[in-house]
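Pasting my_file_13.cif here (mmCIF, N, CA and C atoms):
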```cif
data_work
#
loop_
_atom_site.label_atom_id
_atom_site.label_comp_id
_atom_site.auth_asym_id
_atom_site.auth_seq_id
_atom_site.Cartn_x
_atom_site.Cartn_y
_atom_site.Cartn_z
N MET A 1 19.44 9.37 -24.30
CA MET A 1 19.93 8.88 -23.02
C MET A 1 19.37 9.70 -21.86
N LEU A 2 19.40 11.02 -21.98
CA LEU A 2 18.90 11.89 -20.91
C LEU A 2 17.41 11.67 -20.68
N THR A 3 16.65 11.49 -21.75
CA THR A 3 15.21 11.24 -21.62
C THR A 3 14.95 9.94 -20.88
N ALA A 4 15.73 8.91 -21.19
CA ALA A 4 15.57 7.62 -20.51
C ALA A 4 15.88 7.75 -19.02
N LEU A 5 16.90 8.52 -18.68
CA LEU A 5 17.25 8.73 -17.27
C LEU A 5 16.13 9.48 -16.55
N ARG A 6 15.55 10.47 -17.20
CA ARG A 6 14.46 11.22 -16.59
C ARG A 6 13.26 10.34 -16.33
N LYS A 7 12.94 9.45 -17.29
CA LYS A 7 11.82 8.54 -17.11
C LYS A 7 12.08 7.60 -15.94
N ARG A 8 13.31 7.10 -15.83
CA ARG A 8 13.64 6.23 -14.70
C ARG A 8 13.57 6.99 -13.39
N ALA A 9 14.06 8.22 -13.37
CA ALA A 9 14.03 9.03 -12.16
C ALA A 9 12.59 9.32 -11.74
N ALA A 10 11.71 9.53 -12.71
CA ALA A 10 10.31 9.82 -12.39
C ALA A 10 9.64 8.61 -11.74
N ALA A 11 10.15 7.43 -12.02
CA ALA A 11 9.56 6.21 -11.44
C ALA A 11 10.07 5.93 -10.04
N TRP A 12 11.13 6.60 -9.61
CA TRP A 12 11.66 6.37 -8.27
C TRP A 12 10.66 6.84 -7.24
N LEU A 13 10.61 6.13 -6.14
CA LEU A 13 9.72 6.50 -5.07
C LEU A 13 10.30 7.68 -4.30
N MET A 14 9.42 8.53 -3.85
CA MET A 14 9.83 9.67 -3.04
C MET A 14 10.09 9.20 -1.62
N SER A 15 11.14 9.69 -1.02
CA SER A 15 11.41 9.38 0.38
C SER A 15 10.42 10.12 1.26
N THR A 16 10.14 9.54 2.42
CA THR A 16 9.31 10.19 3.41
C THR A 16 10.13 10.32 4.69
N TYR A 17 10.26 11.55 5.16
CA TYR A 17 10.97 11.82 6.40
C TYR A 17 9.96 11.89 7.54
N ILE A 18 10.30 11.30 8.65
CA ILE A 18 9.38 11.19 9.79
C ILE A 18 9.66 12.33 10.77
N ASP A 19 8.64 13.11 11.07
CA ASP A 19 8.75 14.20 12.03
C ASP A 19 8.57 13.65 13.44
N ALA A 20 9.08 14.38 14.42
CA ALA A 20 9.00 13.94 15.81
C ALA A 20 7.57 13.74 16.28
N ASP A 21 6.64 14.58 15.81
CA ASP A 21 5.27 14.44 16.30
C ASP A 21 4.64 13.13 15.83
N ALA A 22 4.99 12.64 14.64
CA ALA A 22 4.47 11.35 14.17
C ALA A 22 5.03 10.22 15.05
N PHE A 23 6.32 10.30 15.38
CA PHE A 23 6.94 9.30 16.25
C PHE A 23 6.28 9.31 17.63
N VAL A 24 6.09 10.49 18.19
CA VAL A 24 5.53 10.61 19.54
C VAL A 24 4.09 10.10 19.57
N ARG A 25 3.33 10.38 18.52
CA ARG A 25 1.96 9.84 18.47
C ARG A 25 1.99 8.31 18.42
N TRP A 26 2.95 7.76 17.70
CA TRP A 26 3.11 6.30 17.67
C TRP A 26 3.45 5.78 19.06
N GLU A 27 4.38 6.45 19.71
CA GLU A 27 4.81 6.07 21.05
C GLU A 27 3.64 6.12 22.05
N ARG A 28 2.74 7.07 21.87
CA ARG A 28 1.59 7.24 22.77
C ARG A 28 0.40 6.36 22.37
N GLY A 29 0.49 5.71 21.21
CA GLY A 29 -0.57 4.82 20.77
C GLY A 29 -1.69 5.48 19.99
N THR A 30 -1.48 6.72 19.52
CA THR A 30 -2.53 7.41 18.78
C THR A 30 -2.28 7.43 17.27
N PHE A 31 -1.18 6.85 16.82
CA PHE A 31 -0.86 6.74 15.40
C PHE A 31 -0.06 5.47 15.19
N ASP A 32 -0.42 4.70 14.19
CA ASP A 32 0.26 3.44 13.91
C ASP A 32 1.37 3.67 12.88
N LEU A 33 2.49 4.19 13.33
CA LEU A 33 3.61 4.46 12.44
C LEU A 33 4.11 3.18 11.79
N ALA A 34 4.24 2.12 12.57
CA ALA A 34 4.72 0.85 12.02
C ALA A 34 3.76 0.35 10.94
N GLY A 35 2.47 0.47 11.18
CA GLY A 35 1.48 0.06 10.19
C GLY A 35 1.52 0.93 8.95
N PHE A 36 1.71 2.24 9.15
CA PHE A 36 1.82 3.18 8.03
C PHE A 36 2.98 2.78 7.12
N MET A 37 4.12 2.46 7.74
CA MET A 37 5.29 2.07 6.96
C MET A 37 5.10 0.69 6.32
N ALA A 38 4.47 -0.22 7.04
CA ALA A 38 4.25 -1.57 6.52
C ALA A 38 3.36 -1.56 5.28
N GLN A 39 2.43 -0.61 5.22
CA GLN A 39 1.56 -0.49 4.06
C GLN A 39 2.29 0.07 2.84
N ARG A 40 3.50 0.52 3.04
CA ARG A 40 4.32 1.10 1.96
C ARG A 40 5.70 0.43 1.97
N PRO A 41 5.75 -0.87 1.72
CA PRO A 41 7.01 -1.62 1.88
C PRO A 41 8.13 -1.18 0.94
N ASP A 42 7.80 -0.57 -0.17
CA ASP A 42 8.83 -0.14 -1.12
C ASP A 42 9.21 1.32 -0.98
N GLU A 43 8.57 2.00 -0.04
CA GLU A 43 8.83 3.43 0.13
C GLU A 43 9.96 3.64 1.14
N PRO A 44 10.97 4.42 0.79
CA PRO A 44 12.05 4.67 1.75
C PRO A 44 11.64 5.69 2.81
N PHE A 45 11.87 5.34 4.08
CA PHE A 45 11.60 6.22 5.21
C PHE A 45 12.92 6.58 5.88
N ALA A 46 12.98 7.78 6.46
CA ALA A 46 14.19 8.23 7.14
C ALA A 46 13.81 9.31 8.16
N PHE A 47 14.77 9.69 8.99
CA PHE A 47 14.61 10.78 9.94
C PHE A 47 15.56 11.91 9.58
N PRO A 48 15.09 13.17 9.57
CA PRO A 48 16.05 14.28 9.52
C PRO A 48 16.89 14.26 10.80
N ALA A 49 18.14 14.66 10.72
CA ALA A 49 19.03 14.63 11.88
C ALA A 49 18.45 15.42 13.05
N THR A 50 17.81 16.53 12.77
CA THR A 50 17.23 17.35 13.84
C THR A 50 16.14 16.59 14.59
N VAL A 51 15.34 15.82 13.87
CA VAL A 51 14.29 15.02 14.52
C VAL A 51 14.92 13.94 15.38
N TRP A 52 15.94 13.28 14.84
CA TRP A 52 16.60 12.23 15.62
C TRP A 52 17.17 12.82 16.91
N GLN A 53 17.75 14.01 16.84
CA GLN A 53 18.26 14.67 18.03
C GLN A 53 17.13 14.93 19.03
N GLN A 54 15.99 15.40 18.55
CA GLN A 54 14.85 15.67 19.43
C GLN A 54 14.40 14.38 20.12
N LEU A 55 14.36 13.29 19.38
CA LEU A 55 13.90 12.03 19.95
C LEU A 55 14.89 11.45 20.95
N VAL A 56 16.16 11.51 20.64
CA VAL A 56 17.19 10.95 21.52
C VAL A 56 17.35 11.80 22.79
N PHE A 57 17.01 13.07 22.73
CA PHE A 57 17.07 13.94 23.90
C PHE A 57 16.36 13.30 25.09
N GLY A 58 15.19 12.72 24.84
CA GLY A 58 14.43 12.10 25.93
C GLY A 58 15.15 10.97 26.62
N VAL A 59 15.99 10.27 25.89
CA VAL A 59 16.75 9.16 26.48
C VAL A 59 17.65 9.67 27.59
N PHE A 60 18.21 10.85 27.39
CA PHE A 60 19.16 11.40 28.37
C PHE A 60 18.51 12.30 29.41
N ALA A 61 17.38 12.90 29.07
CA ALA A 61 16.82 13.94 29.95
C ALA A 61 15.68 13.47 30.84
N TRP A 62 15.07 12.35 30.52
CA TRP A 62 13.87 11.94 31.23
C TRP A 62 14.18 10.94 32.34
N PRO A 63 13.21 10.73 33.24
CA PRO A 63 13.34 9.69 34.27
C PRO A 63 13.50 8.32 33.61
N ALA A 64 14.05 7.38 34.35
CA ALA A 64 14.44 6.07 33.81
C ALA A 64 13.31 5.33 33.11
N ASP A 65 12.11 5.30 33.68
CA ASP A 65 11.03 4.53 33.05
C ASP A 65 10.60 5.14 31.71
N ARG A 66 10.48 6.43 31.66
CA ARG A 66 10.11 7.11 30.41
C ARG A 66 11.23 7.00 29.38
N SER A 67 12.45 7.14 29.85
CA SER A 67 13.61 7.01 28.98
C SER A 67 13.69 5.61 28.38
N ALA A 68 13.43 4.59 29.19
CA ALA A 68 13.48 3.20 28.71
C ALA A 68 12.43 2.95 27.63
N LYS A 69 11.27 3.54 27.80
CA LYS A 69 10.22 3.41 26.77
C LYS A 69 10.69 4.03 25.46
N ARG A 70 11.28 5.22 25.54
CA ARG A 70 11.78 5.89 24.33
C ARG A 70 12.85 5.04 23.66
N VAL A 71 13.74 4.45 24.45
CA VAL A 71 14.79 3.59 23.89
C VAL A 71 14.17 2.42 23.15
N ARG A 72 13.15 1.80 23.72
CA ARG A 72 12.49 0.66 23.05
C ARG A 72 11.92 1.07 21.70
N TYR A 73 11.26 2.20 21.65
CA TYR A 73 10.69 2.67 20.38
C TYR A 73 11.78 3.06 19.38
N LEU A 74 12.82 3.71 19.86
CA LEU A 74 13.93 4.07 18.96
C LEU A 74 14.59 2.82 18.37
N MET A 75 14.70 1.78 19.17
CA MET A 75 15.31 0.54 18.69
C MET A 75 14.48 -0.08 17.56
N LEU A 76 13.17 0.10 17.60
CA LEU A 76 12.31 -0.45 16.56
C LEU A 76 12.52 0.23 15.21
N VAL A 77 12.93 1.47 15.23
CA VAL A 77 13.17 2.20 13.97
C VAL A 77 14.65 2.52 13.76
N GLY A 78 15.49 1.92 14.58
CA GLY A 78 16.92 2.21 14.53
C GLY A 78 17.59 1.87 13.22
N GLY A 79 16.97 1.02 12.41
CA GLY A 79 17.55 0.68 11.12
C GLY A 79 17.27 1.70 10.03
N LEU A 80 16.38 2.65 10.31
CA LEU A 80 16.10 3.69 9.31
C LEU A 80 17.24 4.69 9.27
N PRO A 81 17.53 5.21 8.09
CA PRO A 81 18.62 6.19 8.00
C PRO A 81 18.27 7.51 8.69
N VAL A 82 19.30 8.19 9.14
CA VAL A 82 19.19 9.55 9.66
C VAL A 82 19.88 10.44 8.63
N MET A 83 19.12 11.36 8.06
CA MET A 83 19.65 12.19 6.98
C MET A 83 20.45 13.35 7.58
N PRO A 84 21.60 13.62 7.02
CA PRO A 84 22.48 14.64 7.59
C PRO A 84 21.94 16.06 7.43
N PHE A 85 22.37 16.90 8.34
CA PHE A 85 22.10 18.34 8.26
C PHE A 85 23.42 18.99 7.93
N SER A 86 23.59 19.34 6.66
CA SER A 86 24.87 19.85 6.18
C SER A 86 24.79 21.34 5.88
N ARG A 87 25.82 21.85 5.28
CA ARG A 87 25.89 23.26 4.90
C ARG A 87 24.73 23.63 3.98
N VAL A 88 24.39 22.74 3.05
CA VAL A 88 23.30 23.01 2.10
C VAL A 88 21.97 23.15 2.84
N GLN A 89 21.69 22.21 3.74
CA GLN A 89 20.46 22.28 4.52
C GLN A 89 20.46 23.50 5.44
N ALA A 90 21.61 23.82 6.01
CA ALA A 90 21.71 24.99 6.90
C ALA A 90 21.41 26.28 6.13
N ALA A 91 21.94 26.38 4.93
CA ALA A 91 21.67 27.57 4.11
C ALA A 91 20.19 27.66 3.76
N ARG A 92 19.59 26.53 3.43
CA ARG A 92 18.15 26.53 3.10
C ARG A 92 17.33 26.91 4.32
N ALA A 93 17.71 26.42 5.50
CA ALA A 93 17.00 26.77 6.74
C ALA A 93 17.10 28.26 7.02
N ALA A 94 18.28 28.82 6.81
CA ALA A 94 18.47 30.27 7.02
C ALA A 94 17.62 31.07 6.05
N ARG A 95 17.58 30.63 4.81
CA ARG A 95 16.77 31.32 3.80
C ARG A 95 15.29 31.24 4.15
N LEU A 96 14.82 30.07 4.56
CA LEU A 96 13.42 29.92 4.98
C LEU A 96 13.10 30.84 6.15
N ALA A 97 13.98 30.88 7.13
CA ALA A 97 13.77 31.72 8.31
C ALA A 97 13.69 33.20 7.91
N ALA A 98 14.54 33.60 6.97
CA ALA A 98 14.51 34.99 6.51
C ALA A 98 13.23 35.29 5.73
N GLU A 99 12.83 34.36 4.87
CA GLU A 99 11.63 34.57 4.06
C GLU A 99 10.36 34.55 4.92
N LEU A 100 10.36 33.77 5.97
CA LEU A 100 9.17 33.63 6.81
C LEU A 100 9.32 34.37 8.13
N LYS A 101 10.13 35.42 8.16
CA LYS A 101 10.45 36.08 9.42
C LYS A 101 9.23 36.56 10.20
N LEU A 102 8.14 36.83 9.53
CA LEU A 102 6.95 37.28 10.24
C LEU A 102 6.09 36.12 10.74
N ILE A 103 6.37 34.93 10.28
CA ILE A 103 5.59 33.76 10.71
C ILE A 103 6.55 32.65 11.13
N GLN A 104 7.29 32.91 12.16
CA GLN A 104 8.29 31.96 12.64
C GLN A 104 7.67 30.62 13.01
N ILE A 105 8.41 29.56 12.73
CA ILE A 105 7.95 28.21 13.06
C ILE A 105 8.88 27.51 14.04
N GLY A 106 9.96 28.14 14.37
CA GLY A 106 10.91 27.55 15.32
C GLY A 106 12.15 27.05 14.62
N PHE A 107 13.26 27.20 15.30
CA PHE A 107 14.57 26.86 14.75
C PHE A 107 14.64 25.42 14.25
N ALA A 108 14.20 24.48 15.07
CA ALA A 108 14.28 23.06 14.69
C ALA A 108 13.37 22.77 13.49
N ASP A 109 12.18 23.36 13.47
CA ASP A 109 11.27 23.11 12.35
C ASP A 109 11.81 23.68 11.05
N PHE A 110 12.53 24.79 11.10
CA PHE A 110 13.18 25.29 9.89
C PHE A 110 14.22 24.28 9.39
N GLN A 111 14.98 23.69 10.31
CA GLN A 111 15.98 22.70 9.92
C GLN A 111 15.32 21.46 9.32
N ILE A 112 14.23 21.01 9.91
CA ILE A 112 13.52 19.83 9.41
C ILE A 112 12.94 20.12 8.03
N ALA A 113 12.31 21.27 7.88
CA ALA A 113 11.74 21.65 6.58
C ALA A 113 12.83 21.78 5.52
N ALA A 114 13.94 22.40 5.87
CA ALA A 114 15.03 22.58 4.91
C ALA A 114 15.61 21.24 4.47
N THR A 115 15.82 20.33 5.41
CA THR A 115 16.35 19.01 5.06
C THR A 115 15.39 18.30 4.11
N THR A 116 14.11 18.37 4.41
CA THR A 116 13.10 17.73 3.57
C THR A 116 13.06 18.34 2.18
N LEU A 117 13.11 19.66 2.10
CA LEU A 117 13.07 20.34 0.80
C LEU A 117 14.33 20.06 -0.03
N VAL A 118 15.49 20.19 0.59
CA VAL A 118 16.75 19.97 -0.14
C VAL A 118 16.81 18.54 -0.68
N ASP A 119 16.36 17.60 0.11
CA ASP A 119 16.41 16.19 -0.29
C ASP A 119 15.20 15.77 -1.13
N GLU A 120 14.32 16.74 -1.41
CA GLU A 120 13.12 16.50 -2.23
C GLU A 120 12.30 15.32 -1.71
N ALA A 121 12.09 15.32 -0.40
CA ALA A 121 11.33 14.26 0.26
C ALA A 121 9.97 14.81 0.70
N ASP A 122 9.11 13.91 1.18
CA ASP A 122 7.87 14.29 1.84
C ASP A 122 8.14 14.29 3.34
N LEU A 123 7.32 15.01 4.10
CA LEU A 123 7.46 15.03 5.55
C LEU A 123 6.21 14.43 6.18
N LEU A 124 6.37 13.35 6.92
CA LEU A 124 5.28 12.72 7.66
C LEU A 124 5.14 13.48 8.98
N THR A 125 4.09 14.29 9.09
CA THR A 125 3.92 15.15 10.25
C THR A 125 2.44 15.39 10.52
N PHE A 126 2.13 15.69 11.75
CA PHE A 126 0.79 16.14 12.12
C PHE A 126 0.80 17.63 12.44
N ASN A 127 1.96 18.25 12.34
CA ASN A 127 2.13 19.67 12.69
C ASN A 127 1.79 20.55 11.48
N ARG A 128 0.51 20.65 11.21
CA ARG A 128 0.07 21.50 10.09
C ARG A 128 0.31 22.97 10.38
N GLU A 129 0.19 23.35 11.64
CA GLU A 129 0.32 24.77 12.00
C GLU A 129 1.65 25.34 11.53
N HIS A 130 2.73 24.63 11.77
CA HIS A 130 4.04 25.14 11.37
C HIS A 130 4.38 24.83 9.92
N PHE A 131 4.24 23.57 9.55
CA PHE A 131 4.77 23.15 8.26
C PHE A 131 3.91 23.58 7.08
N SER A 132 2.66 23.94 7.30
CA SER A 132 1.86 24.45 6.18
C SER A 132 2.34 25.83 5.74
N ARG A 133 3.13 26.47 6.54
CA ARG A 133 3.65 27.81 6.21
C ARG A 133 4.86 27.76 5.28
N VAL A 134 5.41 26.59 5.08
CA VAL A 134 6.65 26.45 4.29
C VAL A 134 6.29 26.17 2.84
N PRO A 135 6.56 27.13 1.95
CA PRO A 135 6.22 26.94 0.54
C PRO A 135 6.97 25.76 -0.07
N GLY A 136 6.25 24.93 -0.80
CA GLY A 136 6.85 23.82 -1.51
C GLY A 136 7.06 22.56 -0.69
N LEU A 137 6.81 22.62 0.61
CA LEU A 137 7.01 21.44 1.46
C LEU A 137 5.83 20.49 1.30
N ARG A 138 6.12 19.27 0.95
CA ARG A 138 5.08 18.24 0.79
C ARG A 138 4.93 17.51 2.12
N ARG A 139 3.73 17.61 2.71
CA ARG A 139 3.48 16.97 4.00
C ARG A 139 2.59 15.76 3.81
N ARG A 140 2.79 14.77 4.67
CA ARG A 140 1.97 13.57 4.66
C ARG A 140 1.62 13.18 6.07
N HIS A 141 0.47 12.61 6.24
CA HIS A 141 0.14 11.82 7.42
C HIS A 141 -0.94 10.85 6.99
N CYS A 142 -1.39 10.02 7.87
CA CYS A 142 -2.35 8.95 7.52
C CYS A 142 -3.26 9.33 6.36
N GLY A 143 -2.94 8.83 5.20
CA GLY A 143 -3.79 9.05 4.04
C GLY A 143 -3.65 10.39 3.37
N MET A 144 -2.90 11.35 3.94
CA MET A 144 -2.74 12.66 3.33
C MET A 144 -1.54 12.65 2.41
N ARG A 145 -1.65 13.28 1.30
CA ARG A 145 -0.50 13.36 0.38
C ARG A 145 -0.10 14.78 0.17
#
```
As structure tokens, what does this structure read like?
Amino acid sequence: MLTALRKRAAAWLMSTYIDADAFVRWERGTFDLAGFMAQRPDEPFAFPATVWQQLVFGVFAWPADRSAKRVRYLMLVGGLPVMPFSRVQAARAARLAAELKLIQIGFADFQIAATTLVDEADLLTFNREHFSRVPGLRRRHCGMR
């Protein structure tokens, strides 16, 4: 029974979490996020809660025209889940920050990396500078695995 469950689990698709920089590139027209997702119709996509907070910040902080554009783009992906940032993710973020204390990547990026690692997902990001420093984090962007 356990072997059968493991085989079924191995066949499950890995979730991909969308980082803010991938969303912003889509918003600016330099990355086709919608096309990327459309090419993977069976793959589950989601946002870490920290990324969703970063994206929604613009709705409240920016001038009306820029804010309205952000709202339009958020509405297009509003059906995707937002993954929670819980005690488990917080502990993992703290541990990452302690382990990488000499190569800080920023508070929010630690939270995003921790959520992705705890949930055993991939991270769709263009931010190689920060996220390549996180051991075990699987990063993706156009064609990268």
With the PyMOL selection byres (((chain A and resi 74 and name CA) around 10) and name CA) as the selection, what would be picked from this file? Answer as an mmCIF file with N, CA and C atoms, in the coordinates of the input, please.
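Result file follows (expr-v5.cif):
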```
data_model
loop_
_atom_site.group_PDB
_atom_site.id
_atom_site.type_symbol
_atom_site.label_atom_id
_atom_site.label_comp_id
_atom_site.auth_asym_id
_atom_site.auth_seq_id
_atom_site.Cartn_x
_atom_site.Cartn_y
_atom_site.Cartn_z
ATOM 1 N N PHE A 23 6.320 10.300 15.380
ATOM 2 C CA PHE A 23 6.940 9.300 16.250
ATOM 3 C C PHE A 23 6.280 9.310 17.630
ATOM 4 N N GLU A 27 4.380 6.450 19.710
ATOM 5 C CA GLU A 27 4.810 6.070 21.050
ATOM 6 C C GLU A 27 3.640 6.120 22.050
ATOM 7 N N TRP A 52 15.940 13.280 14.840
ATOM 8 C CA TRP A 52 16.600 12.230 15.620
ATOM 9 C C TRP A 52 17.170 12.820 16.910
ATOM 10 N N LEU A 55 14.360 13.290 19.380
ATOM 11 C CA LEU A 55 13.900 12.030 19.950
ATOM 12 C C LEU A 55 14.890 11.450 20.950
ATOM 13 N N VAL A 56 16.160 11.510 20.640
ATOM 14 C CA VAL A 56 17.190 10.950 21.520
ATOM 15 C C VAL A 56 17.350 11.800 22.790
ATOM 16 N N VAL A 59 15.990 10.270 25.890
ATOM 17 C CA VAL A 59 16.750 9.160 26.480
ATOM 18 C C VAL A 59 17.650 9.670 27.590
ATOM 19 N N ALA A 68 13.430 4.590 29.190
ATOM 20 C CA ALA A 68 13.480 3.200 28.710
ATOM 21 C C ALA A 68 12.430 2.950 27.630
ATOM 22 N N LYS A 69 11.270 3.540 27.800
ATOM 23 C CA LYS A 69 10.220 3.410 26.770
ATOM 24 C C LYS A 69 10.690 4.030 25.460
ATOM 25 N N ARG A 70 11.280 5.220 25.540
ATOM 26 C CA ARG A 70 11.780 5.890 24.330
ATOM 27 C C ARG A 70 12.850 5.040 23.660
ATOM 28 N N VAL A 71 13.740 4.450 24.450
ATOM 29 C CA VAL A 71 14.790 3.590 23.890
ATOM 30 C C VAL A 71 14.170 2.420 23.150
ATOM 31 N N ARG A 72 13.150 1.800 23.720
ATOM 32 C CA ARG A 72 12.490 0.660 23.050
ATOM 33 C C ARG A 72 11.920 1.070 21.700
ATOM 34 N N TYR A 73 11.260 2.200 21.650
ATOM 35 C CA TYR A 73 10.690 2.670 20.380
ATOM 36 C C TYR A 73 11.780 3.060 19.380
ATOM 37 N N MET A 75 14.700 1.780 19.170
ATOM 38 C CA MET A 75 15.310 0.540 18.690
ATOM 39 C C MET A 75 14.480 -0.080 17.560
ATOM 40 N N LEU A 76 13.170 0.100 17.600
ATOM 41 C CA LEU A 76 12.310 -0.450 16.560
ATOM 42 C C LEU A 76 12.520 0.230 15.210
ATOM 43 N N VAL A 77 12.930 1.470 15.230
ATOM 44 C CA VAL A 77 13.170 2.200 13.970
ATOM 45 C C VAL A 77 14.650 2.520 13.760
ATOM 46 N N GLY A 78 15.490 1.920 14.580
ATOM 47 C CA GLY A 78 16.920 2.210 14.530
ATOM 48 C C GLY A 78 17.590 1.870 13.220
ATOM 49 N N GLY A 79 16.970 1.020 12.410
ATOM 50 C CA GLY A 79 17.550 0.680 11.120
ATOM 51 C C GLY A 79 17.270 1.700 10.030
ATOM 52 N N LEU A 80 16.380 2.650 10.310
ATOM 53 C CA LEU A 80 16.100 3.690 9.310
ATOM 54 C C LEU A 80 17.240 4.690 9.270
#
```
Produce the centre coordinates and the three edge lengths, each in Å to one decimal, of the box along x, y and z that contains all listed atoms of region 85-102 of chain A with 5 Å added on each side, as JSON.
```
{"center_x": 16.0, "center_y": 27.1, "center_z": 6.4, "size_x": 29.8, "size_y": 30.4, "size_z": 18.6}
```
Using only N, CA and C atoms for the distances, tell me which of A:Val82, A:Leu124, A:Leu117, A:Ala49 is nearest to Ile18 (chain A). A:Leu124
Among chain A, which ones does DSSP assign to strand (DSSP E or B) (computed from the backbone)? Answer as number ranges by chain. A: 16-18, 45-48, 82-83, 122-124, 138-141, 144
For Val88 (chain A), please output as a VMD selection string all residues within 7 Å (counting all atoms listed in the file; exclusion window: fewer than 3 positions along the same chain). chain A and resid 85 91 to 93 114 118
Fewer than 6 positions away in the same chain doesn't count, so skip those; otherwise give me all residues within 12 Å of Phe45 (chain A), counting only C-alpha atoms, as a tab-separated table (two decimals) with N, CA and C atoms, in the frame of the given file.
```
chain	number	residue	atom	x	y	z
A	13	LEU	N	10.61	6.13	-6.14
A	13	LEU	CA	9.72	6.50	-5.07
A	13	LEU	C	10.30	7.68	-4.30
A	14	MET	N	9.42	8.53	-3.85
A	14	MET	CA	9.83	9.67	-3.04
A	14	MET	C	10.09	9.20	-1.62
A	15	SER	N	11.14	9.69	-1.02
A	15	SER	CA	11.41	9.38	0.38
A	15	SER	C	10.42	10.12	1.26
A	16	THR	N	10.14	9.54	2.42
A	16	THR	CA	9.31	10.19	3.41
A	16	THR	C	10.13	10.32	4.69
A	17	TYR	N	10.26	11.55	5.16
A	17	TYR	CA	10.97	11.82	6.40
A	17	TYR	C	9.96	11.89	7.54
A	18	ILE	N	10.30	11.30	8.65
A	18	ILE	CA	9.38	11.19	9.79
A	18	ILE	C	9.66	12.33	10.77
A	19	ASP	N	8.64	13.11	11.07
A	19	ASP	CA	8.75	14.20	12.03
A	19	ASP	C	8.57	13.65	13.44
A	33	LEU	N	2.49	4.19	13.33
A	33	LEU	CA	3.61	4.46	12.44
A	33	LEU	C	4.11	3.18	11.79
A	34	ALA	N	4.24	2.12	12.57
A	34	ALA	CA	4.72	0.85	12.02
A	34	ALA	C	3.76	0.35	10.94
A	36	PHE	N	1.71	2.24	9.15
A	36	PHE	CA	1.82	3.18	8.03
A	36	PHE	C	2.98	2.78	7.12
A	37	MET	N	4.12	2.46	7.74
A	37	MET	CA	5.29	2.07	6.96
A	37	MET	C	5.10	0.69	6.32
A	38	ALA	N	4.47	-0.22	7.04
A	38	ALA	CA	4.25	-1.57	6.52
A	38	ALA	C	3.36	-1.56	5.28
A	77	VAL	N	12.93	1.47	15.23
A	77	VAL	CA	13.17	2.20	13.97
A	77	VAL	C	14.65	2.52	13.76
A	78	GLY	N	15.49	1.92	14.58
A	78	GLY	CA	16.92	2.21	14.53
A	78	GLY	C	17.59	1.87	13.22
A	79	GLY	N	16.97	1.02	12.41
A	79	GLY	CA	17.55	0.68	11.12
A	79	GLY	C	17.27	1.70	10.03
A	80	LEU	N	16.38	2.65	10.31
A	80	LEU	CA	16.10	3.69	9.31
A	80	LEU	C	17.24	4.69	9.27
A	81	PRO	N	17.53	5.21	8.09
A	81	PRO	CA	18.62	6.19	8.00
A	81	PRO	C	18.27	7.51	8.69
A	82	VAL	N	19.30	8.19	9.14
A	82	VAL	CA	19.19	9.55	9.66
A	82	VAL	C	19.88	10.44	8.63
A	83	MET	N	19.12	11.36	8.06
A	83	MET	CA	19.65	12.19	6.98
A	83	MET	C	20.45	13.35	7.58
A	116	THR	N	14.11	18.37	4.41
A	116	THR	CA	13.10	17.73	3.57
A	116	THR	C	13.06	18.34	2.18
A	121	ALA	N	12.09	15.32	-0.40
A	121	ALA	CA	11.33	14.26	0.26
A	121	ALA	C	9.97	14.81	0.70
A	122	ASP	N	9.11	13.91	1.18
A	122	ASP	CA	7.87	14.29	1.84
A	122	ASP	C	8.14	14.29	3.34
A	123	LEU	N	7.32	15.01	4.10
A	123	LEU	CA	7.46	15.03	5.55
A	123	LEU	C	6.21	14.43	6.18
A	124	LEU	N	6.37	13.35	6.92
A	124	LEU	CA	5.28	12.72	7.66
A	124	LEU	C	5.14	13.48	8.98
```
